[in-house]
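Student: What follows is work_38.pdb, made up of PDB, C-alpha atoms:
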ATOM      1  CA  MET A   1      -8.637 -36.338  -7.156
ATOM      2  CA  SER A   2      -6.108 -37.234  -4.455
ATOM      3  CA  CYS A   3      -4.679 -34.478  -2.294
ATOM      4  CA  SER A   4      -1.200 -34.879  -3.762
ATOM      5  CA  SER A   5      -2.150 -34.929  -7.427
ATOM      6  CA  GLU A   6       0.419 -33.374  -9.737
ATOM      7  CA  ASP A   7       0.653 -33.316 -13.505
ATOM      8  CA  THR A   8       4.296 -33.473 -14.541
ATOM      9  CA  GLY A   9       3.452 -31.927 -17.904
ATOM     10  CA  TYR A  10       1.296 -29.098 -16.589
ATOM     11  CA  GLU A  11       2.455 -25.484 -16.347
ATOM     12  CA  PRO A  12       0.290 -22.538 -15.260
ATOM     13  CA  THR A  13      -0.060 -19.708 -17.784
ATOM     14  CA  VAL A  14       2.572 -16.996 -17.435
ATOM     15  CA  GLN A  15       1.052 -13.535 -16.908
ATOM     16  CA  PRO A  16       3.701 -10.786 -16.733
ATOM     17  CA  LEU A  17       2.692  -7.575 -14.998
ATOM     18  CA  ASP A  18       1.215  -4.957 -17.317
ATOM     19  CA  ILE A  19       3.831  -2.286 -16.615
ATOM     20  CA  PRO A  20       2.727   1.269 -17.495
ATOM     21  CA  SER A  21       5.068   3.221 -19.747
ATOM     22  CA  ILE A  22       5.333   5.995 -17.145
ATOM     23  CA  PHE A  23       6.936   3.386 -14.864
ATOM     24  CA  SER A  24       9.122   1.644 -17.440
ATOM     25  CA  ASP A  25      10.384   5.013 -18.723
ATOM     26  CA  ASN A  26      11.290   6.390 -15.279
ATOM     27  CA  ILE A  27      12.037   3.676 -12.721
ATOM     28  CA  ILE A  28      13.674   0.271 -12.599
ATOM     29  CA  PRO A  29      11.641  -2.915 -13.117
ATOM     30  CA  PRO A  30       9.387  -4.320 -10.396
ATOM     31  CA  ILE A  31      10.425  -7.048  -7.966
ATOM     32  CA  ILE A  32       8.920 -10.437  -8.839
ATOM     33  CA  PRO A  33      10.284 -13.296  -6.704
ATOM     34  CA  ILE A  34      11.888 -16.087  -8.711
ATOM     35  CA  ASP A  35       9.915 -18.624  -6.688
ATOM     36  CA  ASN A  36       6.565 -16.880  -7.245
ATOM     37  CA  PRO A  37       6.181 -15.854 -10.890
ATOM     38  CA  GLN A  38       2.958 -14.170 -11.990
ATOM     39  CA  THR A  39       0.488 -16.568 -13.621
ATOM     40  CA  VAL A  40      -3.110 -16.266 -14.802
ATOM     41  CA  GLU A  41      -4.176 -19.033 -12.434
ATOM     42  CA  GLY A  42      -2.165 -17.727  -9.485
ATOM     43  CA  VAL A  43      -3.618 -14.225  -9.813
ATOM     44  CA  ALA A  44      -7.161 -15.603 -10.104
ATOM     45  CA  LEU A  45      -6.669 -17.740  -7.003
ATOM     46  CA  GLY A  46      -5.137 -14.819  -5.107
ATOM     47  CA  LYS A  47      -8.051 -12.580  -5.999
ATOM     48  CA  LYS A  48     -10.569 -15.172  -4.810
ATOM     49  CA  LEU A  49      -8.668 -15.576  -1.533
ATOM     50  CA  PHE A  50      -8.358 -11.803  -1.047
ATOM     51  CA  PHE A  51     -12.135 -11.375  -1.097
ATOM     52  CA  ASP A  52     -12.997 -14.627   0.726
ATOM     53  CA  ARG A  53     -14.006 -14.498   4.389
ATOM     54  CA  ILE A  54     -12.818 -18.081   4.802
ATOM     55  CA  LEU A  55      -9.466 -16.682   5.978
ATOM     56  CA  SER A  56     -11.032 -15.320   9.197
ATOM     57  CA  ALA A  57     -11.811 -17.429  12.252
ATOM     58  CA  ASN A  58     -15.571 -16.818  12.175
ATOM     59  CA  GLY A  59     -16.093 -16.289   8.445
ATOM     60  CA  THR A  60     -17.050 -12.610   8.757
ATOM     61  CA  GLN A  61     -14.059 -10.745   7.273
ATOM     62  CA  ALA A  62     -11.672 -10.946   4.346
ATOM     63  CA  CYS A  63      -8.537  -9.049   3.368
ATOM     64  CA  ALA A  64     -10.880  -6.793   1.395
ATOM     65  CA  SER A  65     -12.814  -5.874   4.543
ATOM     66  CA  CYS A  66     -10.009  -3.456   5.494
ATOM     67  CA  HIS A  67      -8.586  -3.058   1.958
ATOM     68  CA  SER A  68     -11.572  -2.027  -0.142
ATOM     69  CA  PRO A  69     -11.194  -1.372  -3.899
ATOM     70  CA  GLN A  70     -13.299   1.800  -3.775
ATOM     71  CA  ASN A  71     -10.923   3.236  -1.147
ATOM     72  CA  ALA A  72      -7.810   2.359  -3.187
ATOM     73  CA  PHE A  73      -7.597  -0.775  -1.033
ATOM     74  CA  THR A  74      -7.769   0.859   2.384
ATOM     75  CA  ASP A  75     -10.855   1.699   4.445
ATOM     76  CA  ASN A  76     -12.382   4.958   5.641
ATOM     77  CA  THR A  77     -11.822   4.703   9.396
ATOM     78  CA  PRO A  78      -8.765   5.946  11.335
ATOM     79  CA  THR A  79      -7.961   2.382  12.404
ATOM     80  CA  SER A  80      -9.659  -0.858  11.393
ATOM     81  CA  SER A  81     -11.946  -3.184  13.285
ATOM     82  CA  GLY A  82     -11.252  -6.917  13.255
ATOM     83  CA  ILE A  83     -13.648  -9.849  13.511
ATOM     84  CA  ASP A  84     -14.263  -9.340  17.235
ATOM     85  CA  GLY A  85     -15.116  -5.644  16.891
ATOM     86  CA  ILE A  86     -11.773  -4.589  18.369
ATOM     87  CA  PHE A  87      -9.994  -1.698  16.658
ATOM     88  CA  GLY A  88      -6.270  -1.871  15.988
ATOM     89  CA  THR A  89      -3.815   0.987  16.461
ATOM     90  CA  ARG A  90      -2.846   1.569  12.824
ATOM     91  CA  ASN A  91      -4.553   2.905   9.714
ATOM     92  CA  SER A  92      -5.077   0.295   7.019
ATOM     93  CA  MET A  93      -2.471   0.945   4.303
ATOM     94  CA  PRO A  94      -3.690   1.367   0.713
ATOM     95  CA  LEU A  95      -2.466  -1.319  -1.698
ATOM     96  CA  PHE A  96      -1.075  -0.387  -5.100
ATOM     97  CA  ASN A  97       2.235  -0.415  -6.972
ATOM     98  CA  LEU A  98       3.557  -2.837  -4.358
ATOM     99  CA  ALA A  99       5.933  -4.620  -6.740
ATOM    100  CA  TRP A 100       8.005  -1.414  -6.907
ATOM    101  CA  ASN A 101       8.743  -1.341  -3.169
ATOM    102  CA  TYR A 102      12.419  -2.025  -3.773
ATOM    103  CA  ASN A 103      13.499  -2.359  -0.140
ATOM    104  CA  GLU A 104      10.813  -5.065   0.347
ATOM    105  CA  ARG A 105       9.784  -3.727   3.752
ATOM    106  CA  PHE A 106       6.017  -3.639   4.115
ATOM    107  CA  ASN A 107       3.626  -2.269   6.760
ATOM    108  CA  TRP A 108       3.845   1.123   8.442
ATOM    109  CA  ASP A 109       6.752  -0.135  10.541
ATOM    110  CA  GLY A 110       8.510  -2.382   8.019
ATOM    111  CA  THR A 111       7.800  -5.610   9.895
ATOM    112  CA  ALA A 112       7.118  -7.714   6.787
ATOM    113  CA  LEU A 113      10.134  -8.376   4.585
ATOM    114  CA  SER A 114       8.223  -9.441   1.478
ATOM    115  CA  LEU A 115       4.699  -9.175   0.124
ATOM    116  CA  GLU A 116       4.255 -12.910   0.700
ATOM    117  CA  ARG A 117       5.230 -12.562   4.365
ATOM    118  CA  GLN A 118       2.981  -9.541   4.750
ATOM    119  CA  ALA A 119       0.022 -11.678   3.683
ATOM    120  CA  GLU A 120       0.728 -14.171   6.497
ATOM    121  CA  GLU A 121       0.318 -11.894   9.484
ATOM    122  CA  PRO A 122      -3.302 -10.615   9.381
ATOM    123  CA  VAL A 123      -4.690 -14.163   9.460
ATOM    124  CA  GLU A 124      -3.189 -14.853  12.885
ATOM    125  CA  ASN A 125      -3.344 -11.314  14.235
ATOM    126  CA  PRO A 126      -5.676 -11.467  17.270
ATOM    127  CA  ILE A 127      -7.205  -8.084  16.387
ATOM    128  CA  GLU A 128      -7.608  -8.715  12.638
ATOM    129  CA  LEU A 129      -8.741 -12.086  11.194
ATOM    130  CA  HIS A 130      -7.936 -13.859  14.493
ATOM    131  CA  SER A 131      -7.549 -17.323  13.021
ATOM    132  CA  ASN A 132      -4.589 -19.676  12.683
ATOM    133  CA  TRP A 133      -3.015 -20.987   9.524
ATOM    134  CA  GLU A 134      -3.552 -24.655  10.335
ATOM    135  CA  ALA A 135      -7.302 -24.080  10.587
ATOM    136  CA  VAL A 136      -7.341 -21.904   7.453
ATOM    137  CA  VAL A 137      -5.476 -24.530   5.425
ATOM    138  CA  ASP A 138      -7.896 -27.218   6.648
ATOM    139  CA  ARG A 139     -10.893 -25.109   5.595
ATOM    140  CA  LEU A 140      -9.373 -24.461   2.173
ATOM    141  CA  GLN A 141      -8.451 -28.126   1.714
ATOM    142  CA  GLU A 142     -12.013 -29.222   2.525
ATOM    143  CA  HIS A 143     -13.573 -26.587   0.242
ATOM    144  CA  PRO A 144     -15.270 -27.841  -2.946
ATOM    145  CA  GLU A 145     -13.309 -25.477  -5.226
ATOM    146  CA  TYR A 146      -9.978 -24.532  -3.699
ATOM    147  CA  PRO A 147      -7.970 -27.779  -4.147
ATOM    148  CA  GLU A 148      -8.501 -27.639  -7.909
ATOM    149  CA  LEU A 149      -7.719 -23.897  -8.017
ATOM    150  CA  PHE A 150      -4.443 -24.542  -6.169
ATOM    151  CA  ARG A 151      -3.657 -27.356  -8.613
ATOM    152  CA  LEU A 152      -4.172 -24.977 -11.531
ATOM    153  CA  ALA A 153      -2.057 -22.264  -9.892
ATOM    154  CA  PHE A 154       0.767 -24.341  -8.410
ATOM    155  CA  ASN A 155       0.419 -27.846  -9.894
ATOM    156  CA  THR A 156      -0.499 -29.371  -6.561
ATOM    157  CA  ASN A 157      -3.812 -29.571  -4.746
ATOM    158  CA  THR A 158      -2.066 -29.963  -1.397
ATOM    159  CA  ILE A 159      -2.766 -26.539   0.103
ATOM    160  CA  THR A 160      -0.209 -24.815   2.349
ATOM    161  CA  LYS A 161       0.165 -21.450   4.043
ATOM    162  CA  GLU A 162       3.076 -20.654   1.725
ATOM    163  CA  LEU A 163       1.083 -21.287  -1.456
ATOM    164  CA  THR A 164      -1.891 -19.345  -0.091
ATOM    165  CA  THR A 165       0.204 -16.246   0.593
ATOM    166  CA  LYS A 166       2.007 -16.604  -2.737
ATOM    167  CA  ALA A 167      -1.328 -16.454  -4.534
ATOM    168  CA  ILE A 168      -2.497 -13.410  -2.550
ATOM    169  CA  ALA A 169       0.805 -11.662  -3.305
ATOM    170  CA  GLN A 170       0.424 -12.393  -7.024
ATOM    171  CA  PHE A 171      -2.975 -10.703  -7.036
ATOM    172  CA  GLU A 172      -1.692  -7.754  -4.998
ATOM    173  CA  ARG A 173       1.160  -7.182  -7.464
ATOM    174  CA  THR A 174      -1.401  -6.641 -10.233
ATOM    175  CA  LEU A 175      -2.862  -3.650  -8.325
ATOM    176  CA  ILE A 176      -1.143  -1.011 -10.434
ATOM    177  CA  SER A 177      -2.215   2.642 -10.403
ATOM    178  CA  ALA A 178      -0.717   4.853 -13.125
ATOM    179  CA  ASN A 179      -3.555   6.703 -14.840
ATOM    180  CA  SER A 180      -4.035   9.887 -12.820
ATOM    181  CA  LYS A 181      -4.501  13.319 -14.342
ATOM    182  CA  PHE A 182      -0.864  14.025 -13.506
ATOM    183  CA  ASP A 183       0.256  10.849 -15.279
ATOM    184  CA  ARG A 184      -1.585  11.981 -18.394
ATOM    185  CA  TYR A 185      -0.075  15.454 -18.025
ATOM    186  CA  SER A 186       3.399  13.921 -17.757
ATOM    187  CA  MET A 187       2.787  12.073 -21.015
ATOM    188  CA  GLY A 188       1.553  15.202 -22.797
ATOM    189  CA  GLN A 189      -2.068  14.048 -22.954
ATOM    190  CA  THR A 190      -3.720  16.770 -20.876
ATOM    191  CA  ASN A 191      -2.975  20.102 -19.213
ATOM    192  CA  LEU A 192      -2.903  21.157 -15.575
ATOM    193  CA  THR A 193      -4.667  24.285 -14.376
ATOM    194  CA  ALA A 194      -2.660  27.285 -13.209
ATOM    195  CA  GLN A 195      -3.590  26.380  -9.629
ATOM    196  CA  GLU A 196      -2.414  22.775 -10.031
ATOM    197  CA  LEU A 197       0.855  23.925 -11.611
ATOM    198  CA  ASN A 198       1.477  26.339  -8.754
ATOM    199  CA  GLY A 199       0.725  23.509  -6.335
ATOM    200  CA  LEU A 200       3.407  21.404  -8.030
ATOM    201  CA  ASP A 201       5.803  24.334  -7.629
ATOM    202  CA  VAL A 202       4.940  24.580  -3.906
ATOM    203  CA  PHE A 203       5.485  20.819  -3.589
ATOM    204  CA  LEU A 204       8.944  20.945  -5.194
ATOM    205  CA  ARG A 205      10.358  24.170  -3.724
ATOM    206  CA  GLU A 206      12.581  23.864  -0.672
ATOM    207  CA  ASP A 207      11.507  27.335   0.447
ATOM    208  CA  LYS A 208       7.818  26.372   0.269
ATOM    209  CA  GLY A 209       6.313  22.892   0.688
ATOM    210  CA  ASP A 210       9.601  20.958   0.455
ATOM    211  CA  CYS A 211       7.625  17.718   0.025
ATOM    212  CA  PHE A 212       9.709  15.978  -2.608
ATOM    213  CA  HIS A 213      12.440  14.519  -0.387
ATOM    214  CA  CYS A 214      10.111  11.839   1.018
ATOM    215  CA  HIS A 215       7.469  11.712  -1.692
ATOM    216  CA  GLY A 216       9.463  12.041  -4.894
ATOM    217  CA  ASN A 217       8.896  14.187  -7.937
ATOM    218  CA  PRO A 218       7.541  13.785 -11.473
ATOM    219  CA  ASN A 219      10.528  11.557 -12.282
ATOM    220  CA  ASN A 220       9.431   9.125  -9.550
ATOM    221  CA  PRO A 221       5.874   8.089 -10.435
ATOM    222  CA  LEU A 222       5.579   6.074  -7.216
ATOM    223  CA  TRP A 223       5.274   9.367  -5.254
ATOM    224  CA  THR A 224       7.032   7.828  -2.255
ATOM    225  CA  ASP A 225      10.574   6.872  -1.298
ATOM    226  CA  ASN A 226       9.173   3.789   0.510
ATOM    227  CA  ASP A 227      11.451   4.729   3.391
ATOM    228  CA  PHE A 228      10.780   5.455   7.075
ATOM    229  CA  HIS A 229      10.680   8.937   8.603
ATOM    230  CA  ASN A 230       9.679  10.757  11.769
ATOM    231  CA  ASN A 231       7.609  13.530  10.216
ATOM    232  CA  GLY A 232       6.992  15.489  13.403
ATOM    233  CA  LEU A 233       3.615  14.117  14.421
ATOM    234  CA  ASP A 234       4.454  13.814  18.131
ATOM    235  CA  SER A 235       7.037  14.975  20.656
ATOM    236  CA  SER A 236       6.845  11.595  22.437
ATOM    237  CA  PHE A 237       5.690   8.219  21.140
ATOM    238  CA  SER A 238       3.024   5.801  22.258
ATOM    239  CA  ASP A 239       3.749   3.845  19.049
ATOM    240  CA  LEU A 240       7.474   3.452  18.347
ATOM    241  CA  GLY A 241       6.970   2.454  14.697
ATOM    242  CA  LEU A 242      10.194   1.262  13.067
ATOM    243  CA  GLY A 243      11.959   1.522  16.434
ATOM    244  CA  GLU A 244       9.800  -1.293  17.799
ATOM    245  CA  VAL A 245      11.016  -3.507  14.947
ATOM    246  CA  THR A 246      14.717  -2.653  14.880
ATOM    247  CA  GLY A 247      15.188  -2.050  18.607
ATOM    248  CA  ASP A 248      17.168   1.072  17.706
ATOM    249  CA  PRO A 249      15.970   4.126  19.667
ATOM    250  CA  ASN A 250      17.092   6.278  16.722
ATOM    251  CA  ASP A 251      14.196   4.706  14.776
ATOM    252  CA  ASN A 252      11.513   5.579  17.333
ATOM    253  CA  GLY A 253       8.581   7.401  15.783
ATOM    254  CA  LYS A 254       9.554   6.541  12.208
ATOM    255  CA  PHE A 255       6.877   5.276   9.823
ATOM    256  CA  LYS A 256       6.801   4.485   6.122
ATOM    257  CA  SER A 257       6.162   7.369   3.728
ATOM    258  CA  PRO A 258       2.903   6.428   1.986
ATOM    259  CA  SER A 259       2.430   7.150  -1.690
ATOM    260  CA  LEU A 260       0.622  10.386  -2.497
ATOM    261  CA  ARG A 261      -1.350   8.628  -5.200
ATOM    262  CA  ASN A 262      -5.099   8.253  -4.715
ATOM    263  CA  LEU A 263      -5.383  10.645  -1.770
ATOM    264  CA  ALA A 264      -8.905  11.450  -2.960
ATOM    265  CA  TYR A 265      -9.956   7.945  -1.833
ATOM    266  CA  THR A 266      -7.726   7.068   1.126
ATOM    267  CA  ALA A 267      -8.731   9.417   3.978
ATOM    268  CA  PRO A 268      -8.107   9.486   6.883
ATOM    269  CA  TYR A 269      -4.343   9.941   6.796
ATOM    270  CA  MET A 270      -1.145   9.057   8.731
ATOM    271  CA  HIS A 271      -0.248   5.752  10.395
ATOM    272  CA  ASP A 272      -2.978   6.234  12.996
ATOM    273  CA  GLY A 273      -5.530   7.960  10.777
ATOM    274  CA  ARG A 274      -5.420  11.109  12.922
ATOM    275  CA  PHE A 275      -6.048  13.558  10.066
ATOM    276  CA  ALA A 276      -9.486  13.383   8.495
ATOM    277  CA  THR A 277      -8.755  15.720   5.569
ATOM    278  CA  LEU A 278      -5.944  16.766   3.251
ATOM    279  CA  GLU A 279      -6.252  20.265   4.692
ATOM    280  CA  GLU A 280      -5.297  18.880   8.109
ATOM    281  CA  VAL A 281      -2.285  17.084   6.606
ATOM    282  CA  ILE A 282      -1.088  20.257   4.873
ATOM    283  CA  ASN A 283      -1.628  22.303   8.046
ATOM    284  CA  HIS A 284       0.492  19.804   9.966
ATOM    285  CA  TYR A 285       3.481  20.371   7.684
ATOM    286  CA  SER A 286       2.818  24.101   7.511
ATOM    287  CA  ASP A 287       2.690  24.892  11.230
ATOM    288  CA  GLY A 288       2.029  21.755  13.279
ATOM    289  CA  LEU A 289       5.384  19.969  13.480
ATOM    290  CA  GLN A 290       6.376  18.557  16.875
ATOM    291  CA  ASN A 291      10.070  18.284  17.729
ATOM    292  CA  SER A 292      11.623  15.126  19.180
ATOM    293  CA  SER A 293      15.011  13.436  19.384
ATOM    294  CA  THR A 294      14.406  11.423  16.197
ATOM    295  CA  ILE A 295      12.800  14.144  14.055
ATOM    296  CA  ASP A 296      13.843  13.661  10.450
ATOM    297  CA  PRO A 297      16.562  16.103   9.292
ATOM    298  CA  LEU A 298      14.358  16.715   6.246
ATOM    299  CA  MET A 299      11.924  18.541   8.535
ATOM    300  CA  LYS A 300      14.187  21.568   8.133
ATOM    301  CA  GLN A 301      11.664  24.128   9.410
ATOM    302  CA  ILE A 302      11.023  22.375  12.721
ATOM    303  CA  ALA A 303      12.124  25.449  14.695
ATOM    304  CA  GLN A 304       9.221  27.434  13.184
ATOM    305  CA  GLY A 305       6.816  24.512  13.544
ATOM    306  CA  GLY A 306       6.681  23.921   9.800
ATOM    307  CA  VAL A 307       7.078  25.428   6.345
ATOM    308  CA  GLN A 308       4.578  28.267   6.986
ATOM    309  CA  LEU A 309       2.560  28.163   3.771
ATOM    310  CA  SER A 310       0.143  30.901   2.795
ATOM    311  CA  ASP A 311      -3.535  30.023   2.474
ATOM    312  CA  GLN A 312      -3.211  30.291  -1.311
ATOM    313  CA  ASP A 313      -0.220  27.956  -1.415
ATOM    314  CA  LYS A 314      -2.072  25.460   0.786
ATOM    315  CA  ALA A 315      -5.061  25.482  -1.562
ATOM    316  CA  ASP A 316      -2.827  25.148  -4.610
ATOM    317  CA  LEU A 317      -0.843  22.305  -3.049
ATOM    318  CA  LYS A 318      -4.060  20.430  -2.346
ATOM    319  CA  ALA A 319      -5.198  20.959  -5.943
ATOM    320  CA  PHE A 320      -1.930  19.474  -7.217
ATOM    321  CA  LEU A 321      -2.074  16.509  -4.820
ATOM    322  CA  LEU A 322      -5.544  15.622  -6.070
ATOM    323  CA  THR A 323      -4.198  15.326  -9.634
ATOM    324  CA  LEU A 324      -2.364  12.205  -8.425
ATOM    325  CA  SER A 325      -5.640  10.305  -7.898
ATOM    326  CA  ASP A 326      -6.620   7.673 -10.432
ATOM    327  CA  PRO A 327     -10.375   7.026 -10.884
ATOM    328  CA  SER A 328      -9.707   4.172 -13.297
ATOM    329  CA  PHE A 329      -7.853   2.323 -10.531
ATOM    330  CA  ILE A 330     -10.759   2.228  -8.085
ATOM    331  CA  ASP A 331     -13.198   1.434 -10.936
ATOM    332  CA  ASN A 332     -11.106  -1.350 -12.528
ATOM    333  CA  PRO A 333     -13.350  -4.459 -12.705
ATOM    334  CA  SER A 334     -10.252  -6.685 -12.500
ATOM    335  CA  PHE A 335      -9.758  -5.465  -8.947
ATOM    336  CA  HIS A 336     -13.342  -5.922  -7.730
ATOM    337  CA  ASN A 337     -14.939  -9.052  -6.358
TER
END
Starting from the coordinates I provided, produce the structure as structure tokens.

Tutor:
Amino acid sequence: MSCSSEDTGYEPTVQPLDIPSIFSDNIIPPIIPIDNPQTVEGVALGKKLFFDRILSANGTQACASCHSPQNAFTDNTPTSSGIDGIFGTRNSMPLFNLAWNYNERFNWDGTALSLERQAEEPVENPIELHSNWEAVVDRLQEHPEYPELFRLAFNTNTITKELTTKAIAQFERTLISANSKFDRYSMGQTNLTAQELNGLDVFLREDKGDCFHCHGNPNNPLWTDNDFHNNGLDSSFSDLGLGEVTGDPNDNGKFKSPSLRNLAYTAPYMHDGRFATLEEVINHYSDGLQNSSTIDPLMKQIAQGGVQLSDQDKADLKAFLLTLSDPSFIDNPSFHN
């Protein structure tokens, strides 16, 4: 088959996202780019690419090397090692419910302005896959299977960077997590324990945990605002976060609020993986806040160093947070290689 083969009558098979009722009942529809609709063939190609080490310069790592299904598509180290054994400065972000990121800013610092663009950067990042797109496209084009898979997905077997990242983004949009204990509780299918219910109360109360401003509430099943905040980790910044991207000093030290879903699988926590356990995260907000010029106004108890939770409230809050984890997500065979 020639490298420019197209079939004018061929169309890939449309595959709309399987949107959970807890999403469709509570939040607006997901963002699917008009120029990259979900298809059976596109998702299959994206999945193959996501797990294929062909994207790295030396064939040793794939997207999945730092975004592992059993860790809710992150890894278990504070920061991740690339193909040359060099560790980056950021924690690998978990990947799920990405189509509902309405502001379309991805990464801890919002550098990528779409899921497709986010998929471009790790390939050429000198610490991550440390390749270049021209070489990757050549390897894919010379592969015995990929030209035909691209033809099935996009009706052309001329492979490009843009089509490669479109396919990866299609697969990533299928990574939907909405079957936690709390989801089932919200739908009247199970009960929470007294401890878990008290933890929810701690989470929602402004005079206790005061967590809901950045991480939502039961009416927001994403459990994040997908916005950027300085949550009092440091009094001065070696990593400027959003400020590095916007150039605005008022954004220094701001990072994306991660979803609270699947915390049972995504340790360590924060943009630099500094907290090994949920207890450490809760202790940070309770009495470990550091003041700085860009501290978020939502950190209302900064003068006292935090919200000053009792040991019981800390334990209950942790119990509630763990109800947001979804075992069926990490065990879903559709998401494994």

Student: Pull out every residue that the PyMOL selection byres ((chain A and resi 149) around 10) matches in the shown coordinates and put them as a list in words.

Tutor: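 Checked against the file, the PyMOL selection byres ((chain A and resi 149) around 10) matches Glu41, Gly42, Ala44, Leu45, Gly46, Lys48, Pro144, Glu145, Tyr146, Pro147, Glu148, Phe150, Arg151, Leu152, Ala153, Phe154, Asn155, Thr156, Asn157 and Ile159 of chain A.
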
Student: Determine the nearest neighbour of Ala64 (chain A) from the options A:Thr77, A:Asn132, A:Thr294, A:Asn337, counting all atoms listed in the file.

Tutor: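 Under the stated criterion, the closest residue is A:Asn337.
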
Student: Find, counting only C-alpha atoms, the residue in A:Phe87, A:Trp223, A:Trp100, A:Tyr265 that gets nearest to Pro29 (chain A).

Tutor: A:Trp100

Student: What is the CA of Ile330 (chain A)-CA of Arg105 (chain A) distance in Å, reported with one decimal?

Tutor: 24.4 Å

Student: Which is closer to Leu240 (chain A) than all the others in A:Glu172, A:Asp109, A:Asp207, A:Asp313, using all atoms listed in the file?

Tutor: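 So, comparing all the options, the nearest one is A:Asp109.
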
Student: Applying the PyMOL selection byres ((chain A and resi 94) around 6) to the file I just gave you, which residues come out? Please list them as a VMD selection string.

Tutor: chain A and resid 72 to 74 93 95

Student: Once you count all atoms listed in the file, which residues end up no further than 12 Å from (-3.3, -1.0, 9.4) in the file's frame, shown as a PyMOL selection string?

Tutor: chain A and resi 63+65-67+73-82+87-95+106-110+118+121-122+125+127-128+255-256+268-273
